[in-house]
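Containing compact mmCIF, C-alpha atoms and all ligand atoms: target32.txt.
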# COMPACT_ATOMS: atom_id res chain seq x y z
CA MET A 1 87.91 -0.18 -100.20
CA MET A 2 88.07 2.13 -103.20
CA ASP A 3 85.76 1.28 -106.07
CA ARG A 4 86.81 1.59 -109.69
CA ILE A 5 85.41 5.08 -110.16
CA GLN A 6 86.95 6.45 -106.99
CA LYS A 7 90.29 5.01 -108.00
CA ALA A 8 90.18 6.47 -111.52
CA LEU A 9 89.23 9.91 -110.22
CA THR A 10 92.06 10.11 -107.72
CA GLU A 11 94.97 8.07 -109.04
CA LYS A 12 96.43 10.77 -111.28
CA GLY A 13 96.76 13.17 -108.35
CA LYS A 14 94.96 15.93 -110.25
CA LYS A 15 91.45 17.31 -110.32
CA ALA A 16 89.10 15.10 -112.28
CA PHE A 17 87.37 16.04 -115.52
CA VAL A 18 84.27 14.06 -116.43
CA PRO A 19 82.51 14.97 -119.68
CA TYR A 20 78.87 14.09 -120.28
CA ILE A 21 77.64 12.99 -123.70
CA MET A 22 74.20 11.89 -124.87
CA ALA A 23 74.22 8.37 -126.27
CA GLY A 24 72.77 8.23 -129.77
CA ASP A 25 73.18 11.94 -130.49
CA GLY A 26 74.67 11.96 -134.00
CA GLY A 27 73.82 8.25 -134.24
CA LEU A 28 74.84 5.43 -131.94
CA GLU A 29 77.66 4.55 -134.30
CA THR A 30 79.45 7.77 -133.19
CA LEU A 31 79.48 6.71 -129.53
CA LYS A 32 82.68 4.72 -129.79
CA GLU A 33 84.68 7.44 -131.52
CA LYS A 34 83.45 10.07 -129.04
CA LEU A 35 84.40 7.93 -126.04
CA LEU A 36 87.80 7.06 -127.47
CA PHE A 37 88.42 10.70 -128.26
CA LEU A 38 87.47 11.84 -124.75
CA GLN A 39 89.62 9.11 -123.25
CA GLU A 40 92.55 10.23 -125.36
CA CYS A 41 91.99 13.86 -124.31
CA GLY A 42 92.53 12.78 -120.70
CA ALA A 43 88.96 12.49 -119.39
CA ASP A 44 89.02 10.57 -116.10
CA ALA A 45 85.61 8.97 -116.66
CA VAL A 46 82.69 9.66 -119.00
CA GLU A 47 79.05 10.13 -118.12
CA ILE A 48 76.83 8.66 -120.84
CA GLY A 49 73.28 9.97 -120.96
CA ILE A 50 70.44 7.64 -121.92
CA PRO A 51 67.84 9.69 -123.82
CA PHE A 52 64.44 9.86 -122.16
CA SER A 53 61.16 11.54 -123.10
CA ASP A 54 60.63 13.33 -119.75
CA PRO A 55 64.07 14.48 -118.62
CA VAL A 56 63.11 16.65 -115.64
CA ALA A 57 66.59 17.86 -114.69
CA ASP A 58 67.86 18.53 -118.21
CA GLY A 59 68.31 22.01 -119.64
CA PRO A 60 67.71 22.92 -123.31
CA THR A 61 71.02 21.65 -124.73
CA ILE A 62 70.73 18.21 -123.13
CA GLN A 63 67.01 18.01 -123.93
CA GLU A 64 67.63 18.73 -127.60
CA ALA A 65 70.44 16.18 -127.71
CA GLY A 66 68.01 13.71 -126.12
CA ILE A 67 65.35 14.44 -128.73
CA ARG A 68 67.89 13.95 -131.53
CA ALA A 69 68.98 10.65 -129.98
CA LEU A 70 65.41 9.42 -129.48
CA SER A 71 64.48 10.32 -133.04
CA ARG A 72 67.25 7.99 -134.18
CA GLY A 73 65.68 5.20 -132.17
CA THR A 74 68.24 5.09 -129.35
CA THR A 75 67.25 2.85 -126.44
CA LEU A 76 68.97 1.73 -123.26
CA ARG A 77 69.27 -1.77 -124.69
CA LYS A 78 70.93 -0.56 -127.90
CA VAL A 79 73.36 1.60 -125.92
CA LEU A 80 74.43 -1.32 -123.72
CA GLU A 81 74.79 -3.58 -126.75
CA LYS A 82 76.88 -0.98 -128.55
CA VAL A 83 79.17 -0.31 -125.58
CA GLN A 84 79.77 -4.01 -125.22
CA THR A 85 81.23 -4.17 -128.75
CA PHE A 86 84.12 -1.82 -127.92
CA LYS A 87 84.45 -2.42 -124.19
CA PRO A 88 88.08 -3.68 -124.40
CA GLU A 89 89.20 -0.37 -125.88
CA ILE A 90 87.89 1.72 -123.00
CA SER A 91 90.04 1.95 -119.90
CA ILE A 92 88.25 4.77 -118.05
CA PRO A 93 85.04 4.20 -116.05
CA LEU A 94 81.76 4.72 -117.86
CA ILE A 95 78.85 6.06 -115.84
CA LEU A 96 75.29 5.88 -117.15
CA MET A 97 72.99 8.83 -116.48
CA THR A 98 69.44 7.63 -116.79
CA TYR A 99 66.07 8.35 -115.31
CA LEU A 100 64.33 5.57 -113.44
CA ASN A 101 61.69 4.75 -116.02
CA PRO A 102 63.94 3.15 -118.67
CA LEU A 103 65.55 1.04 -115.92
CA VAL A 104 62.23 -0.21 -114.61
CA ALA A 105 61.06 -0.98 -118.13
CA TYR A 106 64.28 -2.94 -118.73
CA GLY A 107 64.08 -4.82 -115.43
CA LEU A 108 66.47 -3.86 -112.64
CA GLU A 109 68.19 -7.23 -112.33
CA LYS A 110 68.61 -7.68 -116.03
CA PHE A 111 69.80 -4.13 -116.44
CA SER A 112 72.47 -4.50 -113.75
CA GLU A 113 73.67 -7.72 -115.30
CA ASP A 114 73.81 -6.33 -118.84
CA ALA A 115 75.38 -3.04 -117.74
CA ALA A 116 78.14 -4.90 -115.90
CA GLU A 117 78.62 -7.06 -118.97
CA SER A 118 79.15 -3.88 -121.00
CA GLY A 119 81.71 -2.61 -118.53
CA ILE A 120 79.57 0.10 -116.93
CA SER A 121 81.01 1.20 -113.56
CA GLY A 122 78.34 3.50 -112.21
CA CYS A 123 74.86 4.95 -112.55
CA ILE A 124 73.36 8.35 -111.89
CA ILE A 125 69.59 8.22 -111.47
CA PRO A 126 68.42 11.78 -110.78
CA ASP A 127 64.79 10.91 -110.05
CA LEU A 128 65.61 8.17 -107.53
CA PRO A 129 65.30 9.62 -104.01
CA LEU A 130 67.71 8.52 -101.27
CA GLU A 131 64.86 6.86 -99.37
CA GLU A 132 64.07 4.63 -102.35
CA GLU A 133 67.63 3.58 -103.13
CA ASP A 134 67.06 0.04 -101.90
CA PHE A 135 64.81 -0.37 -104.88
CA ILE A 136 67.86 -0.84 -107.10
CA LEU A 137 70.95 -0.80 -104.89
CA PRO A 138 71.16 -4.56 -104.21
CA ALA A 139 71.05 -5.36 -107.93
CA LEU A 140 73.70 -2.75 -108.72
CA GLU A 141 75.92 -3.81 -105.83
CA GLU A 142 75.78 -7.40 -106.88
CA HIS A 143 77.35 -6.37 -110.17
CA GLU A 144 79.78 -3.87 -108.66
CA ILE A 145 78.10 -0.86 -110.19
CA SER A 146 78.28 2.26 -108.03
CA LEU A 147 75.19 4.37 -107.51
CA ILE A 148 76.29 7.99 -107.63
CA SER A 149 74.55 10.32 -105.18
CA LEU A 150 73.48 13.82 -106.08
CA VAL A 151 73.59 16.67 -103.59
CA THR A 152 72.12 20.09 -104.38
CA LEU A 153 72.40 23.57 -102.91
CA THR A 154 69.11 22.97 -101.15
CA THR A 155 70.01 19.60 -99.57
CA PRO A 156 69.83 19.97 -95.74
CA VAL A 157 73.09 19.46 -93.80
CA GLU A 158 71.87 16.32 -92.04
CA ARG A 159 71.01 14.76 -95.36
CA ILE A 160 74.39 15.71 -96.83
CA LYS A 161 76.01 13.92 -93.88
CA GLU A 162 73.94 10.81 -94.45
CA ILE A 163 74.75 10.81 -98.18
CA GLY A 164 78.43 11.51 -97.44
CA SER A 165 78.72 8.53 -95.13
CA LYS A 166 77.20 6.09 -97.62
CA ALA A 167 78.37 7.39 -101.00
CA THR A 168 80.28 5.27 -103.48
CA GLY A 169 82.13 6.36 -106.64
CA PHE A 170 81.85 10.10 -106.14
CA ILE A 171 79.34 12.64 -104.91
CA TYR A 172 77.79 14.75 -107.65
CA ALA A 173 77.44 18.26 -106.26
CA VAL A 174 74.88 20.19 -108.28
CA THR A 175 76.15 23.76 -108.35
CA VAL A 176 72.95 25.56 -109.28
CA THR A 177 69.33 25.50 -108.25
CA GLY A 178 67.71 24.51 -111.52
CA ILE A 179 68.45 22.58 -114.66
CA THR A 180 71.62 21.70 -116.59
CA GLY A 181 73.17 24.21 -118.98
CA ALA A 182 75.78 26.96 -119.28
CA ARG A 183 75.70 29.81 -116.73
CA ASN A 184 77.67 33.01 -116.39
CA ASP A 185 78.26 32.85 -112.68
CA PHE A 186 77.74 30.63 -109.69
CA SER A 187 76.12 31.13 -106.33
CA GLU A 188 78.19 33.04 -103.78
CA ASP A 189 77.68 30.09 -101.47
CA LEU A 190 79.36 27.67 -103.87
CA ALA A 191 82.68 27.48 -102.00
CA ALA A 192 80.96 26.87 -98.66
CA PHE A 193 78.57 24.37 -100.23
CA LEU A 194 81.36 22.32 -101.79
CA SER A 195 83.56 22.41 -98.68
CA SER A 196 80.67 21.26 -96.52
CA ILE A 197 80.16 18.21 -98.74
CA LYS A 198 83.88 17.51 -98.86
CA SER A 199 84.10 17.59 -95.08
CA VAL A 200 81.64 14.69 -94.72
CA SER A 201 82.38 12.66 -97.85
CA ARG A 202 84.45 9.52 -98.00
CA VAL A 203 84.58 9.69 -101.80
CA PRO A 204 85.65 12.45 -104.23
CA VAL A 205 83.25 15.38 -104.68
CA LEU A 206 82.71 16.47 -108.29
CA ALA A 207 80.74 19.58 -109.21
CA GLY A 208 78.50 19.88 -112.24
CA PHE A 209 75.75 22.00 -113.85
CA GLY A 210 76.72 25.18 -115.65
CA VAL A 211 80.48 24.67 -115.98
CA SER A 212 81.30 25.70 -119.53
CA ASN A 213 84.78 27.19 -119.79
CA ALA A 214 88.34 26.72 -118.56
CA GLU A 215 88.12 29.58 -116.10
CA GLN A 216 85.05 28.05 -114.45
CA VAL A 217 86.73 24.64 -114.36
CA ARG A 218 89.65 26.13 -112.46
CA GLU A 219 87.40 28.16 -110.17
CA VAL A 220 85.09 25.28 -109.24
CA CYS A 221 88.03 22.86 -108.85
CA LYS A 222 89.44 25.07 -106.08
CA HIS A 223 86.70 23.81 -103.79
CA CYS A 224 86.24 20.18 -104.82
CA ASP A 225 87.92 17.22 -106.55
CA GLY A 226 86.81 17.80 -110.11
CA VAL A 227 84.09 18.82 -112.54
CA ILE A 228 81.45 17.37 -114.82
CA VAL A 229 80.77 19.24 -118.04
CA GLY A 230 77.77 18.34 -120.19
CA SER A 231 76.06 21.01 -122.27
CA LYS A 232 79.30 22.64 -123.42
CA ILE A 233 80.77 19.31 -124.54
CA ILE A 234 77.57 18.51 -126.45
CA ASP A 235 77.65 21.91 -128.16
CA LEU A 236 81.30 21.48 -129.13
CA PHE A 237 80.68 18.02 -130.60
CA GLU A 238 77.74 19.52 -132.53
CA GLN A 239 80.04 22.21 -133.91
CA GLY A 240 82.76 19.65 -134.61
CA ASP A 241 85.22 21.68 -132.52
CA LEU A 242 87.36 18.83 -131.26
CA ALA A 243 90.34 21.09 -130.55
CA GLU A 244 88.29 23.06 -128.04
CA ILE A 245 87.05 19.88 -126.37
CA LYS A 246 90.64 18.78 -125.99
CA ARG A 247 91.62 22.13 -124.51
CA LEU A 248 88.72 22.11 -122.06
CA VAL A 249 89.28 18.52 -120.91
CA SER A 250 92.97 19.17 -120.36
CA THR A 251 92.31 22.24 -118.20
CA SER A 252 92.26 20.00 -115.17
CA GLU A 253 95.69 18.54 -116.04
CA GLY A 254 97.53 21.34 -114.35
CA VAL A 255 95.38 21.51 -111.23
CA SER A 256 96.60 19.15 -108.51
CA LEU A 257 94.38 17.53 -105.95
CA THR A 258 94.50 19.33 -102.64
O1 LIG A 301 75.12 20.37 -118.85
P1 LIG A 301 75.86 20.89 -117.71
O2 LIG A 301 75.29 22.14 -117.17
O3 LIG A 301 77.34 20.97 -117.99
O4 LIG A 301 75.69 19.85 -116.48
C1 LIG A 301 76.09 18.46 -116.54
C2 LIG A 301 74.92 17.62 -116.87
O5 LIG A 301 74.43 17.97 -118.12
C3 LIG A 301 74.96 16.10 -116.78
O6 LIG A 301 75.71 15.65 -115.72
C4 LIG A 301 73.50 15.70 -116.67
C5 LIG A 301 72.64 15.62 -117.70
N1 LIG A 301 71.40 15.35 -117.27
C6 LIG A 301 71.42 15.28 -115.92
C7 LIG A 301 70.40 15.05 -115.02
C8 LIG A 301 70.68 15.06 -113.69
C9 LIG A 301 72.00 15.23 -113.25
C10 LIG A 301 73.03 15.44 -114.15
C11 LIG A 301 72.75 15.48 -115.49

Starting from the coordinates I provided, produce the structure as structure tokens.
Ligand SMILES: O=P(O)(O)OC[C@@H](O)[C@@H](O)c1c[nH]c2ccccc12
Amino acid sequence: MMDRIQKALTEKGKKAFVPYIMAGDGGLETLKEKLLFLQECGADAVEIGIPFSDPVADGPTIQEAGIRALSRGTTLRKVLEKVQTFKPEISIPLILMTYLNPLVAYGLEKFSEDAAESGISGCIIPDLPLEEEDFILPALEEHEISLISLVTLTTPVERIKEIGSKATGFIYAVTVTGITGARNDFSEDLAAFLSSIKSVSRVPVLAGFGVSNAEQVREVCKHCDGVIVGSKIIDLFEQGDLAEIKRLVSTSEGVSLT
């Protein structure tokens, strides 16, 4: 059975575009307007980052956004409470990107319950290894929250197969060896990497890390089902360039699913 995220990413018959924003960057009161704007631009889901003091996978742009958000006192609890206030206005799936620590501090059961209450459809937890998934999976499953799996260029084939057979929501294919942030070009192996994941995955495969312009969106989308764009979206919100965000998000409009 398709879960809510899978459905949203495939039902339009086009490649998916999933922007990432940092909750609390610019103040938590801007979260609603940013989400509504992205939804209106045609985003198929939004990844909401929870700021954390030791964000091991984050590049400079996301780290700085996280520091800005933390300095305004943003916490996981406040984010969930805020999202709950405008939940009826959001029709696209919201996916939380958080490291494990804030979840453990919150309490896994309580978190899953509150997240579901706020309408959260999925979670990305980059520092949770596959072998430890059972730590949180039952609580998430009970509340119909998908745990999104990450696959990187260095993930062995056998492991990709295992992830592909179990994945829910979508598979997040990390397109670079390193941290988040804009890049000029991708690995030559990118096409092969993405096709190998697609061949074993029962859910859509979305690629992220380093995608920062329309040309890259089109290029990467040739080999998978959609893209995730973080640092560039954060920069554009910082600059107040909403027109460019709209243009970038709509790039995937014209690219059909293959
Ligand atoms: O910023 P980029 O290069 O566009 O990549 C997306 C990324 O920022 C977002 O998905 C993300 C932010 N922090 C993460 C940690 C792990 C995995 C993914 C993420």

Please, what is the axis-aligned box for every listed atom of region 155-162 of chain A with 8 Å on each side, as centre and edge lengths in Å to one decimal, as AutoDock Vina command-line options?
--center_x 72.9 --center_y 15.4 --center_z -95.8 --size_x 22.2 --size_y 25.2 --size_z 23.5

Can you tell me which residues come within 7 Å of ligand LIG 301 (chain A) when counting all atoms listed in the file, ideally as a CSV table (one decimal) with C-alpha atoms, keeping the file's coordinate frame?
chain,number,residue,atom,x,y,z
A,20,TYR,CA,78.9,14.1,-120.3
A,47,GLU,CA,79.0,10.1,-118.1
A,49,GLY,CA,73.3,10.0,-121.0
A,57,ALA,CA,66.6,17.9,-114.7
A,58,ASP,CA,67.9,18.5,-118.2
A,62,ILE,CA,70.7,18.2,-123.1
A,97,MET,CA,73.0,8.8,-116.5
A,126,PRO,CA,68.4,11.8,-110.8
A,180,THR,CA,71.6,21.7,-116.6
A,181,GLY,CA,73.2,24.2,-119.0
A,182,ALA,CA,75.8,27.0,-119.3
A,208,GLY,CA,78.5,19.9,-112.2
A,209,PHE,CA,75.8,22.0,-113.8
A,210,GLY,CA,76.7,25.2,-115.6
A,211,VAL,CA,80.5,24.7,-116.0
A,212,SER,CA,81.3,25.7,-119.5
A,228,ILE,CA,81.4,17.4,-114.8
A,229,VAL,CA,80.8,19.2,-118.0
A,230,GLY,CA,77.8,18.3,-120.2
A,231,SER,CA,76.1,21.0,-122.3
A,232,LYS,CA,79.3,22.6,-123.4

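Minimum atom-to-atom distances from A:Leu206, A:Val227, A:Ile234, A:Ala105 to Gln63 (chain A) were compared using all atoms listed in the file, and the lowest value belongs to A:Ile234.
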
Point-to-point distance from CA of Ala139 (chain A) to CA of Cys123 (chain A), Å rounded to tenths: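 Computing the Euclidean distance for CA of Ala139 (chain A) and CA of Cys123 (chain A) yields 11.9 Å.
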
Separation of CA of Met2 (chain A) from CA of Ala43 (chain A), in Å and rounded to one decimal: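 Atom-to-atom, CA of Met2 (chain A) to CA of Ala43 (chain A), that is 19.2 Å.
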
Non-local contacts of Pro138 (chain A) (12 Å; all atoms listed in the file; under 5 positions in same chain excluded) as a list in words: Leu108, Glu109, Ser112, Glu113, Glu132, Glu133, His143, Glu144, Ile145, Ser146 and Leu147 of chain A

Closest of A:Leu103, A:Val220, A:Val203, A:Val249 to Met1 (chain A) - atom-to-atom distances counting only C-alpha atoms: A:Val203
